[in-house]
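Trainee: Here you go, one structure.
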Number of protein chains: 2
Amino acid sequence: MCHSGAMCRDLDRLRTLAPVTGRPTLTQRRRDATRLEIARTAAALFAERGAEATTAEEIAAAAGISLRTFYRYFSVKEDAVAPLLAAGGQRWMDLLAESPADVPLREALERSAVESLTPADDAAVEAMYWTRDLLRDPRLDGTWQKVHAGSEERLRGVLAARCPDGVDPLEVRLAAAAATAAIRVALEQWAGSDAAVTGPGSPQDLGGRCMRELTVGLRLWAQPAGD
Amino acid sequence: MCHSGAMCRDLDRLRTLAPVTGRPTLTQRRRDATRLEIARTAAALFAERGAEATTAEEIAAAAGISLRTFYRYFSVKEDAVAPLLAAGGQRWMDLLAESPADVPLREALERSAVESLTPADDAAVEAMYWTRDLLRDPRLDGTWQKVHAGSEERLRGVLAARCPDGVDPLEVRLAAAAATAAIRVALEQWAGSDAAVTGPGSPQDLGGRCMRELTVGLRLWAQPAGD
DNA sequence: CGTCCATATGGCATGTTGTGCCAACAAGGC
DNA sequence: GCCTTGTTGGCACAACATGCCATATGGACG
């Protein structure tokens, strides 16, 4: 998710300073809050006039920060909406990580995917429709793909933690790629349709189907019952 | 692959002017030749100093064209190498398209993938190592992903032509996504290693394995023997 | 051969992008 | 209080990307 070398180093440094408690630093949380606020501002402008017709300066002004600061949070203008696009995937991975280890991986993948694609409240519904608007902006394709590339990489970590040592890394990589592709295709298919946020053709409907089909037959190392 | 609205219209116009013969227009072929030459020039420079440290003006100068013309061929500097990165995938799709319709799809996918990943001559070997260099440049990630997004979309067309009418478009989409992911993961894995261009760990080795695993269990509509 | 039209190219101007650098300032630890 | 660390904004500036126009180039047709 981090592209400029300098900023990468800074962020990594920050992260290592996190206290023993699992919680991130105060400054870090502030950063995230600011980042999210910029993201919302950018999303509103992008949805209104399109990403092409929106300048970085306008986003910065609307968010109440200077242009220079904007570029400290996002190295590319379009990436300003990445936190929003990535939020769903993050939730997915959190659910997956906390799902009990004795449930078969395929099932865990599918269940957490479906759940993360099911809007829990009105805010989540709104977020999905925003996502759809953003997905339809051709200028944001690159960001969308970057987000999934990041997702896939993080998922590799989550899966690796869940499987016995000594498993071929390529297996893990393929599983992560398949699962990520399932989510991506589901959302792209939905974005190209007029389907609502629940019911047939909805993200959770498509997400479940995609995940099922793409992980069928995937040799997922240890199945709990028959290792 | 085409981003600016104006240029898109122009290219489409050109394409519609193509004569009845399957062959593209003369001007079109010239355009492609120029495009490829720019791509090679850019690849050499990117491989030498990295994409970050190479300006569009340098590429243009090295290719013997003006900066303005460069941006008529590629709307983003990094995309200059896209034709090279896409060449392998194009070959793959060509092989697939001309593979007989009575061979099972999974087998056709795997065979053409392996073949397209097997360098036929010294030039092809060189091309693969160039590809590896480019893949290692973080600045070219976006282009790499764009290329695969394009591949996936074209593959959907090829697959749709091969399967009976009335098949759920989502099925086709998933198959295309899985196959494209297989190629992508194989090449990324190879690029992250020091493996040679043949033998274990080579692109064709990994490509075969990835394609097999990701398409196992994929419900690929009509299997020729038991439709 | 000359005319016409479509396309390719280059040069120029210009708005936008993205970054390095510096000075000012807020926050937390000692 | 002080010092360290990190954030912010302003400024300058190179690079990016595009619109516009003037100029070839090259094929089609009379």
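Letters A, B, ... go to the chains of the structure tokens in the order shown; residues in each chain start at 1; ligands are counted from 1 in the same order.
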What residues in chain B have any atom no more than 8 Å from chain C when counting only C-alpha atoms (C1' of nucleotides), and can you write them as a PyMOL selection string?
Mentor: chain B and resi 66+68-69
Trainee: Now that the selection is made, can you save its residues with C-alpha atoms as a compact mmCIF listing (two decimals), in the first residue's frame?
Mentor:
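Listing of again25.txt after writing:
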# COMPACT_ATOMS: atom_id res chain seq x y z
CA SER B 66 9.30 13.83 -29.74
CA ARG B 68 4.51 14.75 -27.65
CA THR B 69 4.51 11.73 -29.91
Trainee: Starting from chain A, keep only residues with some atom at most 10 Å from an atom of chain B, counting only C-alpha atoms, and report them as a VMD selection string.
Mentor: chain A and resid 3 to 4 138 to 139 141 to 143 145 to 146 149 169 to 171 173 to 175 177 to 182 184 to 186 189 206 209 to 219
Trainee: Just need the residues of chain D within 9 Å of chain A, counting only C-alpha atoms (C1' of nucleotides), so spit them out as a ChimeraX atom specification.
Mentor: /D:6-10
Trainee: Generate the output file for the selected residues, C-alpha atoms (C1' of nucleotides), as a short mmCIF file (atom, residue, chain, number, x, y, z; two decimals), in the first residue's frame.
Mentor:
data_model
loop_
_atom_site.label_atom_id
_atom_site.label_comp_id
_atom_site.auth_asym_id
_atom_site.auth_seq_id
_atom_site.Cartn_x
_atom_site.Cartn_y
_atom_site.Cartn_z
"C1'" DG D 6 6.73 13.99 14.39
"C1'" DT D 7 3.33 16.93 11.83
"C1'" DT D 8 2.22 20.74 9.03
"C1'" DG D 9 2.50 24.36 5.49
"C1'" DG D 10 4.82 27.18 2.15
#
Trainee: Report as a count of residues only all protein, DNA and RNA residues lying within 7 Å of segment 46-49 of chain A, evaluated on only C-alpha atoms (C1' of nucleotides), omitting residues in the same chain fewer than 4 positions from it.
Mentor: 5
Trainee: Would you mind reading off the distance between atom CA of Ser75 of chain B and atom CA of Arg136 of chain A, one decimal, in Å?
Mentor: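 Separation of atom CA of Ser75 of chain B and atom CA of Arg136 of chain A: 19.8 Å.
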Trainee: May I have all residues of segment 25-197 of chain A that DSSP, computed from the backbone, assigns to alpha helix (DSSP H), given as a PyMOL selection string?
Mentor: chain A and resi 26-49+56-63+67-73+82-98+105-116+122-135+141-162+169-191
Trainee: Between atom CA of Arg30 of chain B and atom CA of Arg132 of chain B, what is the spacing in Å?
Mentor: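 Atom CA of Arg30 of chain B lies at a distance of 27.7 Å from atom CA of Arg132 of chain B.
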